[in-house]
Amino acid sequence: MMRFSLARAAPVICVFLCFVVLFYFRTGDIETSLRSKANYKRLKDRVAALEAELQKLGVKTEDSSSHRGPIAQPPLAAPADHTSYRASVSQEDCEFGRSHLKSNAELQTVDMYSNISFKNIDGGAWKQGFPITYDESSFEKLPLKVFVVPHSHNDPGWLKTFEKYFIDQTNKILDSVIPKLEENAERRFIWAEISFFDLWWAKQDESMRERVKKLINGGQLEMVTGGWVMNDEANTHYFAMIDQMIEGSQWLKKHLGVVSRSAWSIDPFGQSPTMAYILHEMGFREMLIQRTHYEVKKFLSQRKDLEFFWRQNWDLSSGSSEESRSYDMFTHMMPFYSYDVPHTCGPEPAVCCQFDFHRLPPSKVSCPWRKPPKAITEENVSERALLLLDQYKKKAQLFKTNVVLAPLGDDFRYDSELECERQFTNYEKIFQYINNHPELNAKVQWGTLSEYFTAATRRHELSKLTHLSGDFFTYADRDDHYWSGYFTSRPFYKRLDREVECRLRAAEMLHSLALFLSEGGGGVGEEALDKLSVARRNLGLFQHHDGITGTARDSVVVDYGNKLVAAIRNSDHVIEKSAATLLGSDSGVLNVDTTRESHDSLPQKTVLSLPKSGAKLQVVLYNSLGVQRTQLVSIRVNNPNAQVHCEKGNLLVSEMAPVWASQDPTTLVPDQFDLTFLADLAPLSLTRYQVSAATDGLSDKVSTTFYHADVSGDFDGFIVDSSEPQPFTLENSFARYSFSENGLLTEVNDLLSGEQQGTRVRLDFATYGVTNKKDKSGAYLFLPDGQAKPVPSLAPIVRIERGKMASRVTVKLDNVIHSARVVNSPGIDGRGLAISNLVDIRLLSNREMAMRIIPHSVGQTFFTDLNGFQMQARHWLAKLPLQANFYPMPSQLIVEGGSKRLTLHSAQSLGAGMPSSAGHLDIILDRRLMQDDNRGLVQGVKDNKLTPNDFWLVLEDMQSGTQSGNTIYPTLTGLHMNHALNSPIITLLHTSPDSALTSTPSWSAISEDSLPCDVHVLNIRSLRAGLHPTALLLLHRQGFSCAASQPTNTKCSTSSGKVKLGSLLEPNVVYKRYTLNGVTPLDESYAQNIHINPMDIEAFIIERNRS
């Protein structure tokens, strides 16, 4: 009890009581706040501060510490009220997550993998298949119809950079093909990569452009897929997949007036149903795929199911109504090893190679089977035509129709007039011979992809066509050569890719809104749109299947990296200009607080230099998500004593921590400190805070303890000491995390469930070696020498930082610095353990670093996401080699057992797998490989960087038990954690202590309750600036599970998919529904109140209401 003179202490008491009233008034309910643990703890701290002030005034107080028991390591304070962060969810909205766990398709890829023997039996001439025979009479009633489709596969970066390929090859291809098509109206050619076509188009005069349009309108030249690139489907996030498709589709519509309707995916290393969904929603109805496991090709060939309706795992509908519409995509799977000429005319490559007339002697390219092509003459045309026709007829036996697709091309083909002439004229002689002999019961012609699909679907009994659900990972092209290595190769750039996606999305949305709210665009007009265009195209280029995959030459990777950094800088510029416009301030006063010096450097936080005068500097926090967000935010400052005020001027509770060197956990960075506070941000908003230097004691300070390191002292008021190693815990009101004396996680105790016993969740690290066989791991392949070996963790340096708002443990192991952080936040960041690794394997040889998670329940099933869009079941199969049990993990992994669900959210795409029946999970963090794996790259992977990766690990109690099926759904907590991790709050600094922002209010685009919490604003993409701006709004209603018993940590509600567009953004905006790429209107009237089906992404062109 304090004893003092009331008169002398009155000024201090007045100030203190004012602070208490302001603080609790801001939180809402004073009584509730005072009863909460968190605010009671803060009140005690303020009382302690008051005691100190009273002592300075000469007031005597009685030390009350003796009345309290010692607390050596107090837990973090509890959030004020869990119930205020529980979403309001109707049972109707829960039904989808309970019932849509497995589609009604006849074939499921998960089941196929269980049923296929994977014995790799030699099939003879078709080595990976089986002998094929046919009855000639079967073609008498309905003759064979063959479409020969010339194509050239152009990689926008692989062995050469994008620009170098264009100069050396692609430019010549289009220059050669166009005149040859004009010579004969029957000739055809297809083109996929719009990024290359854009470069070529820019060089052409108006005459050539008209010639090209004539060929397109006449059906001779067809644009297939129409994406900026042929994107990878394993590592890509659905935001970037859609964005690069939009970029290409918009280009085609603008410059050529065409819309692609058939998709062509011949080179991505495995295929995802997410791509099928995206294409379907863009108006496509047919697609072709190539790279799937050779045993899957054989299995489907035996059933004549190489053409099927690809159905989404969660699609149970019959397509009989809009509420239950089907997303089925007619899909053609190429049956053989490759898309080159030897593997496309039929099952015998030694025969097909003889009809690749580019290889005619004395060409530098020959046939490996030592049977070279022969030029077609009157003397040999009969023999040659019959030999080729035999292959076509054998290929027809693998399909349910007698319509055959025969692609004719390869990488960068038709790059000379000579090659074009040889292919077209020799094949035309064969066509003429076959078509002039009706007794052969066949017609062969040039064709485009859409012409083939039109003929094939006409002959199919579509109602009897097989439906298939699932994905086609992991791809193997032969033997035990599984392409699971590229899921992780070059992880530094995979992480950089996700950062670009975050910043580009944030810039797009802010720019679009600034356009609509400013007359004529202000400082965010055409110049900003041009910068966005460059950023989009640079990001789109990296989605190429040799970009984000990490499978390009070193020099090409550098080029990609430079383009990605340029995309970040352009996006940041647009964010800064748009934020200034929306806040009404002068342009150029706001700066994003992180920068990158180069493509291979880590992002650096700007240190805010606080004036000694105490002048306040403005900080603006940008929440790009469509939900309210309560999270801890850290600002890096140059003063160990600082304070932060909210927009209303109220002083906020804050915490100060020193900054330690990233690669040396025992070294402090001088004059750098992290000021942490709890930010409360409205949906899609810019919120102002003020930071200033303060007197000592206003911010709580983190204390630090070291194990296995002799570091101690008082550093700028931060207490640092050393201690004997022992197990310890970090906790908040949601969970208690137990760690070994070596600083690694061992157990999680879910405090909300009331369970006394913790749940085993162990974390460790291990390294894989490389097989001693002839073929070894490389950029594409993962060929280990057996199970991984644990990384030694004997007496590592352990640093434990404890604070009232955040606590962290950092461990220095061989080749990785690992940290785990627990925060005291009622928001989504309070629900999980934030994990960060800084991996450095630059001195290792033929090693792959893995983070190992040993979950609570030993099982043989886990789930990984497909492109951040949906989840796919994975079963450990003993009959498959270790490397086959690894899969892409673009953004999350889920494992269930008993009543618990463990989810690992990832801020970068990596490979993850279950290497044995023991049930542990390995996430491959980086790979250093000294040799090529014989897939064309002709180099190893030795350009490793100091590589960061970030995760959130969360354990949830599932009320209704764990789920089973071929898919699974995150909880609402899981959805919002994943979005928060991959779309972090963006901090903008106003580094001058002037008043340019002092009087400007914060800004929010949408009200707190206008968007349901299962609807994600995927993008608001600017299409046109100026007086009449337009943008493309993408809304994604996500499927979720209601089985979790804990609160969701978000303030929102669901609405059965109903969204009131009229109240979503500003009132003067109108919405018209379009296809996902924004090129085809689906409804002529303006949309007001809409309904979105679970899992659906809806697109709307938005513009100002001119009426």
# chains A, B, ... in the order shown; residues from 1 in each chain; ligands from 1
>>> closest_atom_pairs(of="stretch 201-246 of chain A", to="stretch 485-503 of chain A", cutoff="8 Å", atoms="only C-alpha atoms", output="JSON lines")
{"residue": "A:Ala234", "atom": "CA", "partner": "A:Phe487", "partner_atom": "CA", "distance": 7.1}
{"residue": "A:Asn235", "atom": "CA", "partner": "A:Phe487", "partner_atom": "CA", "distance": 6.4}
{"residue": "A:Phe239", "atom": "CA", "partner": "A:Glu501", "partner_atom": "CA", "distance": 7.5}
{"residue": "A:Ala240", "atom": "CA", "partner": "A:Glu501", "partner_atom": "CA", "distance": 6.8}
>>> residues_around(residues="A:Gln1088", least_positions_apart="5", cutoff="10 Å", atoms="only C-alpha atoms", output="list in words")
Val1059, Lys1060, Leu1061, Gly1062, Ser1063, Leu1064, Val1070, Tyr1071 and Lys1072 of chain A
>>> residues_around(residues="A:Leu215", least_positions_apart="5", cutoff="9 Å", atoms="only C-alpha atoms", output="list of chain:residue names")
A:Ile178, A:Leu181, A:Glu182, A:Ala185, A:Glu210, A:Gln220, A:Leu221, A:Glu222
>>> write_last_selection(atoms="all heavy atoms", output="short mmCIF file (atom, residue, chain, number, x, y, z; two decimals), in the first residue's frame")
data_model
loop_
_atom_site.label_atom_id
_atom_site.label_comp_id
_atom_site.auth_asym_id
_atom_site.auth_seq_id
_atom_site.Cartn_x
_atom_site.Cartn_y
_atom_site.Cartn_z
N ILE A 178 4.97 -16.98 -90.48
CA ILE A 178 3.89 -16.17 -91.05
C ILE A 178 3.84 -16.28 -92.58
O ILE A 178 2.77 -16.57 -93.16
CB ILE A 178 4.02 -14.70 -90.60
CG1 ILE A 178 3.92 -14.59 -89.07
CG2 ILE A 178 2.96 -13.84 -91.28
CD1 ILE A 178 2.66 -15.14 -88.47
N LEU A 181 2.53 -19.74 -93.74
CA LEU A 181 1.09 -19.93 -93.58
C LEU A 181 0.35 -19.25 -94.72
O LEU A 181 -0.68 -19.77 -95.21
CB LEU A 181 0.62 -19.37 -92.23
CG LEU A 181 1.10 -20.08 -90.96
CD1 LEU A 181 0.57 -19.37 -89.73
CD2 LEU A 181 0.66 -21.54 -90.94
N GLU A 182 0.83 -18.12 -95.16
CA GLU A 182 0.16 -17.38 -96.23
C GLU A 182 0.24 -18.10 -97.57
O GLU A 182 -0.58 -17.86 -98.46
CB GLU A 182 0.77 -15.98 -96.34
CG GLU A 182 0.46 -15.09 -95.14
CD GLU A 182 1.18 -13.75 -95.19
OE1 GLU A 182 2.35 -13.72 -95.62
OE2 GLU A 182 0.56 -12.74 -94.80
N ALA A 185 -3.61 -21.87 -97.55
CA ALA A 185 -4.68 -21.60 -96.59
C ALA A 185 -5.00 -22.80 -95.71
O ALA A 185 -5.68 -22.66 -94.68
CB ALA A 185 -5.94 -21.15 -97.33
N GLU A 210 -1.67 -6.43 -89.88
CA GLU A 210 -2.91 -6.79 -90.57
C GLU A 210 -2.82 -8.18 -91.17
O GLU A 210 -3.82 -8.92 -91.19
CB GLU A 210 -3.21 -5.75 -91.66
CG GLU A 210 -3.63 -4.39 -91.13
CD GLU A 210 -4.86 -4.48 -90.23
OE1 GLU A 210 -5.82 -5.21 -90.60
OE2 GLU A 210 -4.86 -3.83 -89.16
N GLN A 220 -5.97 -19.94 -89.32
CA GLN A 220 -4.69 -20.58 -89.59
C GLN A 220 -3.70 -20.44 -88.43
O GLN A 220 -2.92 -21.35 -88.17
CB GLN A 220 -4.05 -19.98 -90.86
CG GLN A 220 -4.74 -20.37 -92.14
CD GLN A 220 -3.98 -19.83 -93.35
OE1 GLN A 220 -4.39 -18.83 -93.94
NE2 GLN A 220 -2.90 -20.48 -93.71
N LEU A 221 -3.72 -19.31 -87.76
CA LEU A 221 -2.86 -19.07 -86.60
C LEU A 221 -3.75 -18.98 -85.38
O LEU A 221 -4.64 -18.13 -85.31
CB LEU A 221 -2.06 -17.78 -86.80
CG LEU A 221 -1.16 -17.34 -85.64
CD1 LEU A 221 -0.09 -18.39 -85.35
CD2 LEU A 221 -0.52 -15.98 -85.93
N GLU A 222 -3.50 -19.84 -84.40
CA GLU A 222 -4.34 -19.87 -83.20
C GLU A 222 -3.51 -19.60 -81.96
O GLU A 222 -2.43 -20.17 -81.78
CB GLU A 222 -5.02 -21.23 -83.06
CG GLU A 222 -5.92 -21.32 -81.83
CD GLU A 222 -6.73 -22.60 -81.80
OE1 GLU A 222 -6.20 -23.61 -81.31
OE2 GLU A 222 -7.87 -22.59 -82.30
#
>>> closest_residue(among="A:Ile194, A:Val89, A:Val691, A:Ala679", to="A:Arg537", atoms="only C-alpha atoms")
A:Ile194
>>> closest_atom_pairs(of="stretch 129-213 of chain A", to="stretch 923-938 of chain A", cutoff="12 Å", atoms="only C-alpha atoms", output="tab-separated table")
residue	atom	partner	partner_atom	distance
A:Gly157	CA	A:Leu937	CA	11.6
A:Trp158	CA	A:Leu937	CA	7.8
A:Leu159	CA	A:Leu937	CA	6.8
A:Lys160	CA	A:Leu937	CA	10.5
>>> write_last_selection(atoms="all heavy atoms", output="mmCIF file, in the first residue's frame")
data_model
loop_
_atom_site.group_PDB
_atom_site.id
_atom_site.type_symbol
_atom_site.label_atom_id
_atom_site.label_comp_id
_atom_site.auth_asym_id
_atom_site.auth_seq_id
_atom_site.Cartn_x
_atom_site.Cartn_y
_atom_site.Cartn_z
ATOM 1 N N GLY A 157 12.930 -17.904 -70.881
ATOM 2 C CA GLY A 157 14.024 -18.039 -69.937
ATOM 3 C C GLY A 157 14.248 -19.494 -69.579
ATOM 4 O O GLY A 157 13.340 -20.181 -69.139
ATOM 5 N N TRP A 158 15.439 -19.973 -69.800
ATOM 6 C CA TRP A 158 15.872 -21.319 -69.379
ATOM 7 C C TRP A 158 17.396 -21.391 -69.508
ATOM 8 O O TRP A 158 18.111 -21.095 -68.574
ATOM 9 C CB TRP A 158 15.188 -22.419 -70.200
ATOM 10 C CG TRP A 158 15.567 -23.820 -69.751
ATOM 11 C CD1 TRP A 158 15.792 -24.237 -68.471
ATOM 12 C CD2 TRP A 158 15.773 -24.967 -70.594
ATOM 13 N NE1 TRP A 158 16.125 -25.572 -68.460
ATOM 14 C CE2 TRP A 158 16.115 -26.049 -69.726
ATOM 15 C CE3 TRP A 158 15.690 -25.188 -71.958
ATOM 16 C CZ2 TRP A 158 16.383 -27.338 -70.221
ATOM 17 C CZ3 TRP A 158 15.946 -26.462 -72.443
ATOM 18 C CH2 TRP A 158 16.285 -27.527 -71.589
ATOM 19 N N LEU A 159 17.876 -21.746 -70.696
ATOM 20 C CA LEU A 159 19.319 -21.756 -70.944
ATOM 21 C C LEU A 159 19.807 -20.360 -71.318
ATOM 22 O O LEU A 159 20.984 -20.045 -71.174
ATOM 23 C CB LEU A 159 19.671 -22.748 -72.053
ATOM 24 C CG LEU A 159 19.138 -24.180 -71.863
ATOM 25 C CD1 LEU A 159 19.570 -25.060 -73.028
ATOM 26 C CD2 LEU A 159 19.606 -24.758 -70.531
ATOM 27 N N LYS A 160 18.891 -19.546 -71.820
ATOM 28 C CA LYS A 160 19.157 -18.146 -72.136
ATOM 29 C C LYS A 160 18.096 -17.299 -71.447
ATOM 30 O O LYS A 160 17.036 -17.799 -71.050
ATOM 31 C CB LYS A 160 19.092 -17.902 -73.647
ATOM 32 C CG LYS A 160 20.026 -18.765 -74.483
ATOM 33 C CD LYS A 160 19.809 -18.491 -75.978
ATOM 34 C CE LYS A 160 20.624 -19.421 -76.854
ATOM 35 N NZ LYS A 160 20.391 -19.154 -78.307
#
>>> residues_around(residues="stretch 117-133 of chain A", least_positions_apart="4", cutoff="9 Å", atoms="only C-alpha atoms", output="number ranges by chain")
A: 113, 294-295, 297-299, 301-302, 336-337, 346-350, 393-395, 397-398, 478-479, 879-880
>>> write_last_selection(atoms="C-alpha atoms", output="PDB file, in the first residue's frame")
ATOM      1  CA  TYR A 113      -1.791 -44.235 -57.028  1.00  0.00           C
ATOM      2  CA  TYR A 294       4.479 -42.503 -67.010  1.00  0.00           C
ATOM      3  CA  GLU A 295       2.584 -45.159 -65.037  1.00  0.00           C
ATOM      4  CA  LYS A 297      -0.335 -42.488 -68.641  1.00  0.00           C
ATOM      5  CA  LYS A 298      -0.171 -46.257 -69.029  1.00  0.00           C
ATOM      6  CA  PHE A 299      -3.050 -46.819 -66.591  1.00  0.00           C
ATOM      7  CA  SER A 301      -4.255 -45.644 -71.809  1.00  0.00           C
ATOM      8  CA  GLN A 302      -5.314 -49.168 -70.909  1.00  0.00           C
ATOM      9  CA  PHE A 336       3.769 -40.691 -74.481  1.00  0.00           C
ATOM     10  CA  TYR A 337       7.085 -39.627 -72.982  1.00  0.00           C
ATOM     11  CA  GLY A 346       2.384 -42.817 -82.202  1.00  0.00           C
ATOM     12  CA  PRO A 347       3.822 -45.302 -79.695  1.00  0.00           C
ATOM     13  CA  GLU A 348       7.095 -46.039 -81.536  1.00  0.00           C
ATOM     14  CA  PRO A 349       9.597 -43.150 -81.288  1.00  0.00           C
ATOM     15  CA  ALA A 350      12.012 -44.823 -83.705  1.00  0.00           C
ATOM     16  CA  LYS A 393      -3.965 -45.864 -86.060  1.00  0.00           C
ATOM     17  CA  LYS A 394      -2.089 -47.372 -83.131  1.00  0.00           C
ATOM     18  CA  LYS A 395      -2.366 -44.108 -81.255  1.00  0.00           C
ATOM     19  CA  GLN A 397      -6.435 -47.334 -79.916  1.00  0.00           C
ATOM     20  CA  LEU A 398      -5.687 -45.418 -76.737  1.00  0.00           C
ATOM     21  CA  ARG A 478      11.259 -42.610 -66.253  1.00  0.00           C
ATOM     22  CA  ASP A 479      12.449 -45.179 -63.707  1.00  0.00           C
ATOM     23  CA  LYS A 879       5.837 -49.194 -52.896  1.00  0.00           C
ATOM     24  CA  LEU A 880       7.141 -45.808 -54.011  1.00  0.00           C
TER      25      LEU A 880
END
>>> select_by_dssp(residues="stretch 170-245 of chain A", states="alpha helix (DSSP H)", output="ChimeraX atom specification")
/A:171-183,194-203,206-217,238-245
>>> closest_residue(among="A:Asp950, A:Leu668, A:Glu92, A:Asp865", to="A:Ser712", atoms="only C-alpha atoms")
A:Leu668
>>> select_by_dssp(residues="stretch 872-998 of chain A", states="strand (DSSP E)", output="ChimeraX atom specification")
/A:872-875,886-889,892-897,900-906,910-913,921-928,947-957,986-990
>>> closest_residue(among="A:Tyr560, A:Phe189, A:Tyr887, A:Phe516", to="A:Ile1102", atoms="only C-alpha atoms")
A:Phe516
